[in-house]
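Asks: What follows is the file input_6.pdb, containing PDB, C-alpha atoms, pLDDT in the B column:
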```
ATOM      1  CA  MET A   1      -8.080 -13.153  27.884  1.00 34.00           C
ATOM      2  CA  GLU A   2     -11.258 -14.120  29.713  1.00 41.00           C
ATOM      3  CA  ARG A   3     -14.356 -13.939  27.542  1.00 44.00           C
ATOM      4  CA  LYS A   4     -16.080 -10.540  27.681  1.00 58.00           C
ATOM      5  CA  SER A   5     -13.607  -9.313  30.307  1.00 78.00           C
ATOM      6  CA  TYR A   6     -14.002  -5.770  28.968  1.00 88.00           C
ATOM      7  CA  ILE A   7     -17.629  -5.793  30.221  1.00 90.00           C
ATOM      8  CA  PRO A   8     -18.054  -5.236  33.983  1.00 90.00           C
ATOM      9  CA  ASP A   9     -19.777  -8.110  35.783  1.00 87.00           C
ATOM     10  CA  SER A  10     -22.093  -5.648  37.506  1.00 90.00           C
ATOM     11  CA  TRP A  11     -23.723  -4.632  34.241  1.00 93.00           C
ATOM     12  CA  ASP A  12     -27.122  -6.258  33.850  1.00 91.00           C
ATOM     13  CA  LEU A  13     -27.021  -6.771  30.113  1.00 92.00           C
ATOM     14  CA  PRO A  14     -29.597  -9.002  28.440  1.00 92.00           C
ATOM     15  CA  ASP A  15     -28.517 -12.367  27.045  1.00 90.00           C
ATOM     16  CA  SER A  16     -29.342 -11.152  23.535  1.00 91.00           C
ATOM     17  CA  ILE A  17     -26.389  -8.753  23.838  1.00 92.00           C
ATOM     18  CA  ARG A  18     -24.018 -10.971  25.838  1.00 89.00           C
ATOM     19  CA  LYS A  19     -24.299 -13.746  23.255  1.00 88.00           C
ATOM     20  CA  ARG A  20     -23.005 -11.353  20.585  1.00 89.00           C
ATOM     21  CA  LEU A  21     -19.902 -10.362  22.531  1.00 89.00           C
ATOM     22  CA  GLY A  22     -16.560 -11.940  21.675  1.00 85.00           C
ATOM     23  CA  VAL A  23     -13.252 -12.380  23.442  1.00 85.00           C
ATOM     24  CA  SER A  24     -12.010  -8.992  22.222  1.00 85.00           C
ATOM     25  CA  VAL A  25     -13.985  -5.860  21.590  1.00 87.00           C
ATOM     26  CA  GLY A  26     -13.821  -6.286  17.806  1.00 88.00           C
ATOM     27  CA  LYS A  27     -14.790  -3.404  15.577  1.00 91.00           C
ATOM     28  CA  GLN A  28     -16.442  -0.261  16.899  1.00 94.00           C
ATOM     29  CA  ARG A  29     -20.213  -0.674  16.839  1.00 95.00           C
ATOM     30  CA  ILE A  30     -23.465  -0.391  18.781  1.00 95.00           C
ATOM     31  CA  MET A  31     -25.763  -3.112  20.107  1.00 95.00           C
ATOM     32  CA  ASP A  32     -29.398  -2.190  20.625  1.00 95.00           C
ATOM     33  CA  GLU A  33     -31.413  -5.010  22.194  1.00 93.00           C
ATOM     34  CA  ASP A  34     -34.420  -5.053  24.552  1.00 91.00           C
ATOM     35  CA  GLY A  35     -34.114  -1.354  25.332  1.00 93.00           C
ATOM     36  CA  HIS A  36     -30.390  -1.637  26.178  1.00 95.00           C
ATOM     37  CA  LEU A  37     -27.908   0.379  24.130  1.00 96.00           C
ATOM     38  CA  LEU A  38     -24.255  -0.704  24.244  1.00 96.00           C
ATOM     39  CA  LEU A  39     -21.481   1.286  22.564  1.00 96.00           C
ATOM     40  CA  LEU A  40     -18.302  -0.694  21.885  1.00 95.00           C
ATOM     41  CA  LEU A  41     -15.521   1.800  21.167  1.00 96.00           C
ATOM     42  CA  HIS A  42     -11.731   1.807  20.875  1.00 94.00           C
ATOM     43  CA  ALA A  43      -9.198   3.747  22.880  1.00 93.00           C
ATOM     44  CA  PRO A  44      -7.086   6.083  20.698  1.00 92.00           C
ATOM     45  CA  PRO A  45      -4.863   3.721  18.671  1.00 88.00           C
ATOM     46  CA  THR A  46      -1.160   4.015  17.858  1.00 79.00           C
ATOM     47  CA  ALA A  47       1.101   2.321  15.340  1.00 73.00           C
ATOM     48  CA  ALA A  48       2.882   0.506  18.178  1.00 74.00           C
ATOM     49  CA  ASP A  49      -0.141  -1.391  19.512  1.00 73.00           C
ATOM     50  CA  ASP A  50       0.006  -4.033  16.719  1.00 67.00           C
ATOM     51  CA  GLU A  51      -3.660  -3.540  15.819  1.00 72.00           C
ATOM     52  CA  VAL A  52      -4.763  -4.625  19.333  1.00 78.00           C
ATOM     53  CA  ARG A  53      -7.413  -2.115  20.320  1.00 84.00           C
ATOM     54  CA  GLY A  54      -8.262  -1.242  23.903  1.00 88.00           C
ATOM     55  CA  ALA A  55     -11.966  -1.449  24.689  1.00 91.00           C
ATOM     56  CA  VAL A  56     -13.958   1.523  25.972  1.00 94.00           C
ATOM     57  CA  VAL A  57     -17.624   0.624  26.504  1.00 95.00           C
ATOM     58  CA  PHE A  58     -20.735   2.671  27.315  1.00 96.00           C
ATOM     59  CA  TRP A  59     -24.123   1.270  28.353  1.00 96.00           C
ATOM     60  CA  ARG A  60     -27.549   2.887  28.510  1.00 95.00           C
ATOM     61  CA  ASP A  61     -30.193   0.853  30.300  1.00 94.00           C
ATOM     62  CA  PRO A  62     -33.925   0.996  29.454  1.00 93.00           C
ATOM     63  CA  ARG A  63     -34.477   3.624  32.174  1.00 93.00           C
ATOM     64  CA  GLY A  64     -32.022   6.026  30.472  1.00 92.00           C
ATOM     65  CA  ALA A  65     -29.167   5.653  32.975  1.00 94.00           C
ATOM     66  CA  TRP A  66     -25.648   5.570  31.511  1.00 95.00           C
ATOM     67  CA  ALA A  67     -22.598   3.621  32.707  1.00 95.00           C
ATOM     68  CA  SER A  68     -19.097   3.413  31.256  1.00 94.00           C
ATOM     69  CA  HIS A  69     -15.903   1.362  31.548  1.00 93.00           C
ATOM     70  CA  PRO A  70     -12.949   1.795  32.053  1.00 91.00           C
ATOM     71  CA  VAL A  71     -13.639   5.538  32.219  1.00 89.00           C
ATOM     72  CA  GLY A  72     -16.438   6.461  34.569  1.00 88.00           C
ATOM     73  CA  GLY A  73     -19.184   9.012  34.348  1.00 90.00           C
ATOM     74  CA  GLY A  74     -21.542   7.613  31.744  1.00 91.00           C
ATOM     75  CA  LEU A  75     -22.104  10.270  29.078  1.00 92.00           C
ATOM     76  CA  ALA A  76     -19.546  12.489  30.818  1.00 94.00           C
ATOM     77  CA  GLY A  77     -17.089   9.614  30.371  1.00 95.00           C
ATOM     78  CA  LEU A  78     -18.012   9.468  26.689  1.00 95.00           C
ATOM     79  CA  GLU A  79     -17.157  13.151  26.416  1.00 95.00           C
ATOM     80  CA  LYS A  80     -13.814  12.435  28.108  1.00 95.00           C
ATOM     81  CA  HIS A  81     -13.275   9.636  25.612  1.00 96.00           C
ATOM     82  CA  LEU A  82     -13.772  12.058  22.726  1.00 96.00           C
ATOM     83  CA  ALA A  83     -11.423  14.494  24.454  1.00 96.00           C
ATOM     84  CA  SER A  84      -8.708  11.788  24.495  1.00 95.00           C
ATOM     85  CA  TYR A  85      -9.025  11.539  20.704  1.00 95.00           C
ATOM     86  CA  ARG A  86      -8.860  15.315  20.447  1.00 95.00           C
ATOM     87  CA  LYS A  87      -5.633  15.363  22.470  1.00 95.00           C
ATOM     88  CA  VAL A  88      -3.957  12.771  20.227  1.00 94.00           C
ATOM     89  CA  ILE A  89      -5.073  14.581  17.077  1.00 94.00           C
ATOM     90  CA  HIS A  90      -3.715  17.867  18.446  1.00 94.00           C
ATOM     91  CA  GLY A  91      -0.374  16.157  19.095  1.00 93.00           C
ATOM     92  CA  LEU A  92      -0.262  14.856  15.517  1.00 92.00           C
ATOM     93  CA  ASP A  93      -1.010  18.348  14.240  1.00 91.00           C
ATOM     94  CA  GLU A  94       1.961  19.724  16.168  1.00 91.00           C
ATOM     95  CA  LYS A  95       4.210  16.975  14.811  1.00 90.00           C
ATOM     96  CA  VAL A  96       3.209  17.860  11.240  1.00 90.00           C
ATOM     97  CA  ASP A  97       3.978  21.541  11.906  1.00 88.00           C
ATOM     98  CA  ASN A  98       7.412  20.635  13.318  1.00 89.00           C
ATOM     99  CA  ALA A  99       8.326  18.079  10.641  1.00 86.00           C
ATOM    100  CA  LYS A 100      11.538  18.934   8.794  1.00 84.00           C
ATOM    101  CA  CYS A 101      12.263  15.898   6.636  1.00 84.00           C
ATOM    102  CA  ALA A 102      10.546  12.963   4.969  1.00 81.00           C
ATOM    103  CA  ARG A 103      11.303  10.731   7.965  1.00 82.00           C
ATOM    104  CA  ASP A 104       9.436  13.103  10.289  1.00 86.00           C
ATOM    105  CA  TYR A 105       6.377  13.037   8.042  1.00 84.00           C
ATOM    106  CA  PHE A 106       6.572   9.242   7.776  1.00 84.00           C
ATOM    107  CA  ASP A 107       6.578   8.875  11.574  1.00 85.00           C
ATOM    108  CA  VAL A 108       3.502  11.087  11.804  1.00 86.00           C
ATOM    109  CA  MET A 109       1.676   9.141   9.100  1.00 86.00           C
ATOM    110  CA  ARG A 110       2.358   5.813  10.855  1.00 86.00           C
ATOM    111  CA  ASP A 111       0.366   7.027  13.874  1.00 86.00           C
ATOM    112  CA  MET A 112      -2.104   9.011  11.802  1.00 88.00           C
ATOM    113  CA  HIS A 113      -3.472   6.169   9.661  1.00 88.00           C
ATOM    114  CA  PRO A 114      -4.885   4.064  12.537  1.00 89.00           C
ATOM    115  CA  MET A 115      -6.295   7.262  14.040  1.00 91.00           C
ATOM    116  CA  GLN A 116      -8.030   8.028  10.748  1.00 91.00           C
ATOM    117  CA  ARG A 117      -9.737   4.632  10.651  1.00 91.00           C
ATOM    118  CA  SER A 118     -10.679   4.703  14.327  1.00 94.00           C
ATOM    119  CA  THR A 119     -12.040   8.263  14.199  1.00 95.00           C
ATOM    120  CA  ARG A 120     -14.120   7.475  11.121  1.00 94.00           C
ATOM    121  CA  SER A 121     -15.609   4.407  12.824  1.00 95.00           C
ATOM    122  CA  LEU A 122     -16.210   6.418  16.005  1.00 96.00           C
ATOM    123  CA  LEU A 123     -18.252   8.948  14.048  1.00 96.00           C
ATOM    124  CA  ASN A 124     -20.328   6.163  12.481  1.00 96.00           C
ATOM    125  CA  VAL A 125     -21.069   4.700  15.918  1.00 96.00           C
ATOM    126  CA  MET A 126     -22.061   8.072  17.336  1.00 96.00           C
ATOM    127  CA  GLN A 127     -24.367   8.684  14.376  1.00 96.00           C
ATOM    128  CA  GLU A 128     -26.017   5.282  14.863  1.00 96.00           C
ATOM    129  CA  ALA A 129     -26.377   5.929  18.590  1.00 95.00           C
ATOM    130  CA  ARG A 130     -27.985   9.282  17.858  1.00 94.00           C
ATOM    131  CA  GLU A 131     -30.468   7.628  15.493  1.00 94.00           C
ATOM    132  CA  ALA A 132     -31.149   4.787  17.937  1.00 94.00           C
ATOM    133  CA  ARG A 133     -31.931   7.198  20.807  1.00 94.00           C
ATOM    134  CA  PRO A 134     -33.300  10.393  19.228  1.00 92.00           C
ATOM    135  CA  ASP A 135     -34.666  11.513  22.605  1.00 90.00           C
ATOM    136  CA  GLU A 136     -31.125  11.647  24.085  1.00 91.00           C
ATOM    137  CA  SER A 137     -30.262  15.248  23.300  1.00 90.00           C
ATOM    138  CA  ARG A 138     -26.677  15.033  24.621  1.00 92.00           C
ATOM    139  CA  LEU A 139     -25.882  12.517  21.904  1.00 94.00           C
ATOM    140  CA  ILE A 140     -26.324  15.300  19.338  1.00 94.00           C
ATOM    141  CA  SER A 141     -23.450  17.296  20.828  1.00 94.00           C
ATOM    142  CA  LEU A 142     -21.271  14.200  21.187  1.00 95.00           C
ATOM    143  CA  ARG A 143     -22.006  13.182  17.583  1.00 95.00           C
ATOM    144  CA  ASP A 144     -21.020  16.666  16.416  1.00 96.00           C
ATOM    145  CA  GLN A 145     -17.791  16.456  18.416  1.00 96.00           C
ATOM    146  CA  ALA A 146     -16.983  13.138  16.726  1.00 96.00           C
ATOM    147  CA  ALA A 147     -17.628  14.784  13.349  1.00 96.00           C
ATOM    148  CA  ASP A 148     -15.190  17.567  14.251  1.00 96.00           C
ATOM    149  CA  LEU A 149     -12.562  14.974  15.170  1.00 96.00           C
ATOM    150  CA  GLU A 150     -13.039  13.132  11.873  1.00 95.00           C
ATOM    151  CA  ARG A 151     -12.690  16.377   9.922  1.00 95.00           C
ATOM    152  CA  ALA A 152      -9.606  17.421  11.911  1.00 94.00           C
ATOM    153  CA  ILE A 153      -7.740  14.155  11.324  1.00 94.00           C
ATOM    154  CA  GLU A 154      -8.554  14.315   7.605  1.00 93.00           C
ATOM    155  CA  LEU A 155      -7.063  17.808   7.382  1.00 92.00           C
ATOM    156  CA  ILE A 156      -3.936  16.683   9.223  1.00 90.00           C
ATOM    157  CA  ALA A 157      -3.621  13.704   6.883  1.00 89.00           C
ATOM    158  CA  ALA A 158      -3.822  16.015   3.875  1.00 89.00           C
ATOM    159  CA  ASP A 159      -1.190  18.340   5.370  1.00 88.00           C
ATOM    160  CA  ALA A 160       1.128  15.437   6.162  1.00 88.00           C
ATOM    161  CA  LYS A 161       0.831  14.006   2.648  1.00 85.00           C
ATOM    162  CA  ALA A 162       1.415  17.431   1.077  1.00 85.00           C
ATOM    163  CA  GLY A 163       4.444  17.965   3.306  1.00 84.00           C
ATOM    164  CA  MET A 164       5.835  14.542   2.422  1.00 79.00           C
ATOM    165  CA  ASP A 165       5.343  15.123  -1.322  1.00 80.00           C
ATOM    166  CA  PHE A 166       6.941  18.564  -1.157  1.00 75.00           C
ATOM    167  CA  THR A 167       9.936  17.267   0.816  1.00 79.00           C
ATOM    168  CA  VAL A 168      10.517  14.428  -1.645  1.00 73.00           C
ATOM    169  CA  ALA A 169      10.173  16.782  -4.628  1.00 75.00           C
ATOM    170  CA  GLU A 170      12.508  19.336  -3.066  1.00 73.00           C
ATOM    171  CA  THR A 171      15.119  16.660  -2.334  1.00 72.00           C
ATOM    172  CA  SER A 172      14.868  15.348  -5.902  1.00 71.00           C
ATOM    173  CA  SER A 173      15.282  18.886  -7.259  1.00 74.00           C
ATOM    174  CA  LYS A 174      18.417  19.464  -5.175  1.00 75.00           C
ATOM    175  CA  GLN A 175      19.854  16.145  -6.333  1.00 76.00           C
ATOM    176  CA  ALA A 176      19.154  17.074  -9.957  1.00 75.00           C
ATOM    177  CA  VAL A 177      20.954  20.399  -9.538  1.00 77.00           C
ATOM    178  CA  ALA A 178      23.936  18.695  -7.888  1.00 77.00           C
ATOM    179  CA  THR A 179      24.043  16.100 -10.682  1.00 79.00           C
ATOM    180  CA  GLU A 180      23.981  18.828 -13.329  1.00 77.00           C
ATOM    181  CA  LEU A 181      26.872  20.652 -11.626  1.00 79.00           C
ATOM    182  CA  ALA A 182      28.859  17.421 -11.448  1.00 78.00           C
ATOM    183  CA  ASN A 183      28.209  16.780 -15.142  1.00 77.00           C
ATOM    184  CA  HIS A 184      29.323  20.324 -15.974  1.00 76.00           C
ATOM    185  CA  GLU A 185      32.581  19.865 -14.085  1.00 75.00           C
ATOM    186  CA  ALA A 186      33.102  16.505 -15.768  1.00 76.00           C
ATOM    187  CA  ARG A 187      32.689  18.123 -19.193  1.00 74.00           C
ATOM    188  CA  ARG A 188      35.284  20.765 -18.308  1.00 73.00           C
ATOM    189  CA  LEU A 189      37.745  18.091 -17.222  1.00 72.00           C
ATOM    190  CA  ASN A 190      37.094  16.125 -20.396  1.00 71.00           C
ATOM    191  CA  ARG A 191      37.871  19.171 -22.512  1.00 70.00           C
ATOM    192  CA  LEU A 192      41.101  19.841 -20.624  1.00 67.00           C
ATOM    193  CA  ALA A 193      42.101  16.206 -21.028  1.00 69.00           C
ATOM    194  CA  ALA A 194      41.268  16.355 -24.730  1.00 65.00           C
ATOM    195  CA  PHE A 195      43.365  19.487 -25.156  1.00 63.00           C
ATOM    196  CA  PHE A 196      46.509  18.170 -23.435  1.00 65.00           C
ATOM    197  CA  PHE A 197      46.285  14.503 -24.412  1.00 64.00           C
ATOM    198  CA  PRO A 198      48.052  14.805 -27.833  1.00 63.00           C
ATOM    199  CA  LEU A 199      50.846  16.925 -26.340  1.00 61.00           C
ATOM    200  CA  VAL A 200      51.394  14.465 -23.483  1.00 65.00           C
ATOM    201  CA  THR A 201      51.434  11.621 -25.949  1.00 62.00           C
ATOM    202  CA  LEU A 202      54.062  13.309 -28.114  1.00 57.00           C
ATOM    203  CA  VAL A 203      56.213  14.158 -25.101  1.00 61.00           C
ATOM    204  CA  SER A 204      56.003  10.553 -23.965  1.00 60.00           C
ATOM    205  CA  VAL A 205      57.067   9.329 -27.385  1.00 49.00           C
ATOM    206  CA  PHE A 206      59.995  11.700 -27.850  1.00 56.00           C
ATOM    207  CA  GLY A 207      61.124  11.776 -24.230  1.00 58.00           C
ATOM    208  CA  MET A 208      62.323  14.745 -22.175  1.00 55.00           C
ATOM    209  CA  ASN A 209      65.762  16.385 -22.315  1.00 57.00           C
ATOM    210  CA  ALA A 210      67.425  19.223 -20.475  1.00 55.00           C
ATOM    211  CA  PRO A 211      65.602  22.575 -20.886  1.00 56.00           C
ATOM    212  CA  ALA A 212      68.596  24.249 -22.574  1.00 57.00           C
ATOM    213  CA  ASP A 213      68.772  21.494 -25.168  1.00 57.00           C
ATOM    214  CA  LEU A 214      65.037  21.596 -25.802  1.00 55.00           C
ATOM    215  CA  LEU A 215      64.748  25.346 -26.252  1.00 57.00           C
ATOM    216  CA  GLY A 216      67.566  25.410 -28.714  1.00 59.00           C
ATOM    217  CA  ASN A 217      66.206  22.520 -30.722  1.00 59.00           C
ATOM    218  CA  ASP A 218      63.966  23.453 -33.641  1.00 59.00           C
ATOM    219  CA  HIS A 219      62.286  20.040 -33.499  1.00 65.00           C
ATOM    220  CA  PHE A 220      61.066  20.775 -29.975  1.00 63.00           C
ATOM    221  CA  TRP A 221      59.042  23.756 -31.144  1.00 67.00           C
ATOM    222  CA  ILE A 222      57.641  21.781 -34.025  1.00 71.00           C
ATOM    223  CA  VAL A 223      56.547  19.006 -31.653  1.00 67.00           C
ATOM    224  CA  LEU A 224      55.087  21.542 -29.214  1.00 66.00           C
ATOM    225  CA  LEU A 225      53.113  23.389 -31.887  1.00 74.00           C
ATOM    226  CA  SER A 226      51.947  20.105 -33.397  1.00 73.00           C
ATOM    227  CA  GLY A 227      50.726  18.898 -29.995  1.00 67.00           C
ATOM    228  CA  ILE A 228      48.868  22.140 -29.344  1.00 71.00           C
ATOM    229  CA  LEU A 229      47.308  22.020 -32.803  1.00 76.00           C
ATOM    230  CA  LEU A 230      46.219  18.421 -32.321  1.00 70.00           C
ATOM    231  CA  GLY A 231      44.854  19.328 -28.865  1.00 67.00           C
ATOM    232  CA  VAL A 232      42.752  22.124 -30.341  1.00 72.00           C
ATOM    233  CA  ILE A 233      41.441  19.754 -33.021  1.00 74.00           C
ATOM    234  CA  VAL A 234      40.596  17.002 -30.506  1.00 66.00           C
ATOM    235  CA  HIS A 235      39.032  19.538 -28.122  1.00 63.00           C
ATOM    236  CA  SER A 236      36.860  20.876 -30.939  1.00 72.00           C
ATOM    237  CA  VAL A 237      35.742  17.393 -31.930  1.00 66.00           C
ATOM    238  CA  VAL A 238      34.862  16.529 -28.317  1.00 58.00           C
ATOM    239  CA  ALA A 239      32.986  19.791 -27.830  1.00 62.00           C
ATOM    240  CA  VAL A 240      30.934  19.230 -30.993  1.00 61.00           C
ATOM    241  CA  LYS A 241      30.006  15.713 -29.879  1.00 54.00           C
ATOM    242  CA  LYS A 242      28.972  16.989 -26.435  1.00 51.00           C
ATOM    243  CA  LYS A 243      26.618  19.512 -28.019  1.00 52.00           C
TER     244      LYS A 243
END
```
Since I need it in another form, could you write the structure as structure tokens?
Replies:
Amino acid sequence: MERKSYIPDSWDLPDSIRKRLGVSVGKQRIMDEDGHLLLLLHAPPTAADDEVRGAVVFWRDPRGAWASHPVGGGLAGLEKHLASYRKVIHGLDEKVDNAKCARDYFDVMRDMHPMQRSTRSLLNVMQEAREARPDESRLISLRDQAADLERAIELIAADAKAGMDFTVAETSSKQAVATELANHEARRLNRLAAFFFPLVTLVSVFGMNAPADLLGNDHFWIVLLSGILLGVIVHSVVAVKKK
């Protein structure tokens, strides 16, 4: 990038200001030298711009005339610049209202965090500009608009964080309930297994014969009753240990 390319060549800035300008716009700030007031601001940032901020600059010459770049209109352009922030913040507010899951809130917060920092810095610049030019009455309204933007993005950030926390807590609660149900079913299966295990073991040891032979055999009933009795005993022991 050409040095100071974000400053129009037609602007008659003093050398005391031009010497302080870098290749990129840098942080948002004001420069007040020799009666010239220069506002170095950022375009509304997003998470996808890799921390590379677009420059939006406003210049007031010693005679009180304003110029702006890349938006035109001087102070009217500054008001349009604030309106661009307002539009982005409104969009983030709608995204928070429409968020349904933790991923939705995360996507909002990725774009919200750079907006928070940029809006806070914008307010600081507007306050400094207001103090530097107390006779410029329109700066009061623009400073107040910047304050409204800073307050709005803070409220959205709080809503997004609360929504994220609630979603995570709700998901954890549902998982806990599902885990408890699974444990309950597992305990029921364990008790059934404990009840029938001795009987199955005895049947495996003694083998299986034809039903007519079994029903007429007194030993069969003894084995059956013994298995049931052992099952009840084992089931009781397991149930006591579970409690």
Asks: Looking at all atoms listed in the file, which of A:Gln127, A:Val232, A:Ser141, A:Gly163 is the one that sits closest to Val108 (chain A)?
Replies: A:Gly163
Asks: Any idea what the distance is between CA of Gln28 (chain A) and CA of Ser121 (chain A)?
Replies: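 Distance reported for this atom pair: 6.3 Å.
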Asks: Could you list the residues chosen by the PyMOL selection byres ((chain A and resi 46) around 8) in this structure as a PyMOL selection string?
Replies: chain A and resi 44-45+47-49+111-112+114-115
Asks: Since I can't run it myself right now, could you work out what the PyMOL selection byres ((chain A and resi 30) around 10) selects here and report it as a PyMOL selection string?
Replies: chain A and resi 27-29+31-33+37-41+57-59+124-126+128-129+132
Asks: Which residue, A:Ser84, A:Ser226, A:Gln116, A:Ser10, has the smallest gap to Ala157 (chain A) when you use only C-alpha atoms?
Replies: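 When distances to Ala157 (chain A) are compared using only C-alpha atoms, the smallest one comes from A:Gln116.
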Asks: Tell me, as a list of chain:residue names, which residues lie within 12 Å of Ile140 (chain A), counting all atoms listed in the file; anything in the same chain fewer than 2 positions away does not count.
Replies: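 Close residues of Ile140 (chain A): A:Leu75, A:Glu79, A:Leu123, A:Met126, A:Gln127, A:Glu128, A:Ala129, A:Arg130, A:Glu131, A:Ala132, A:Arg133, A:Pro134, A:Asp135, A:Glu136, A:Ser137, A:Arg138, A:Leu142, A:Arg143, A:Asp144, A:Gln145, A:Ala146, A:Ala147.
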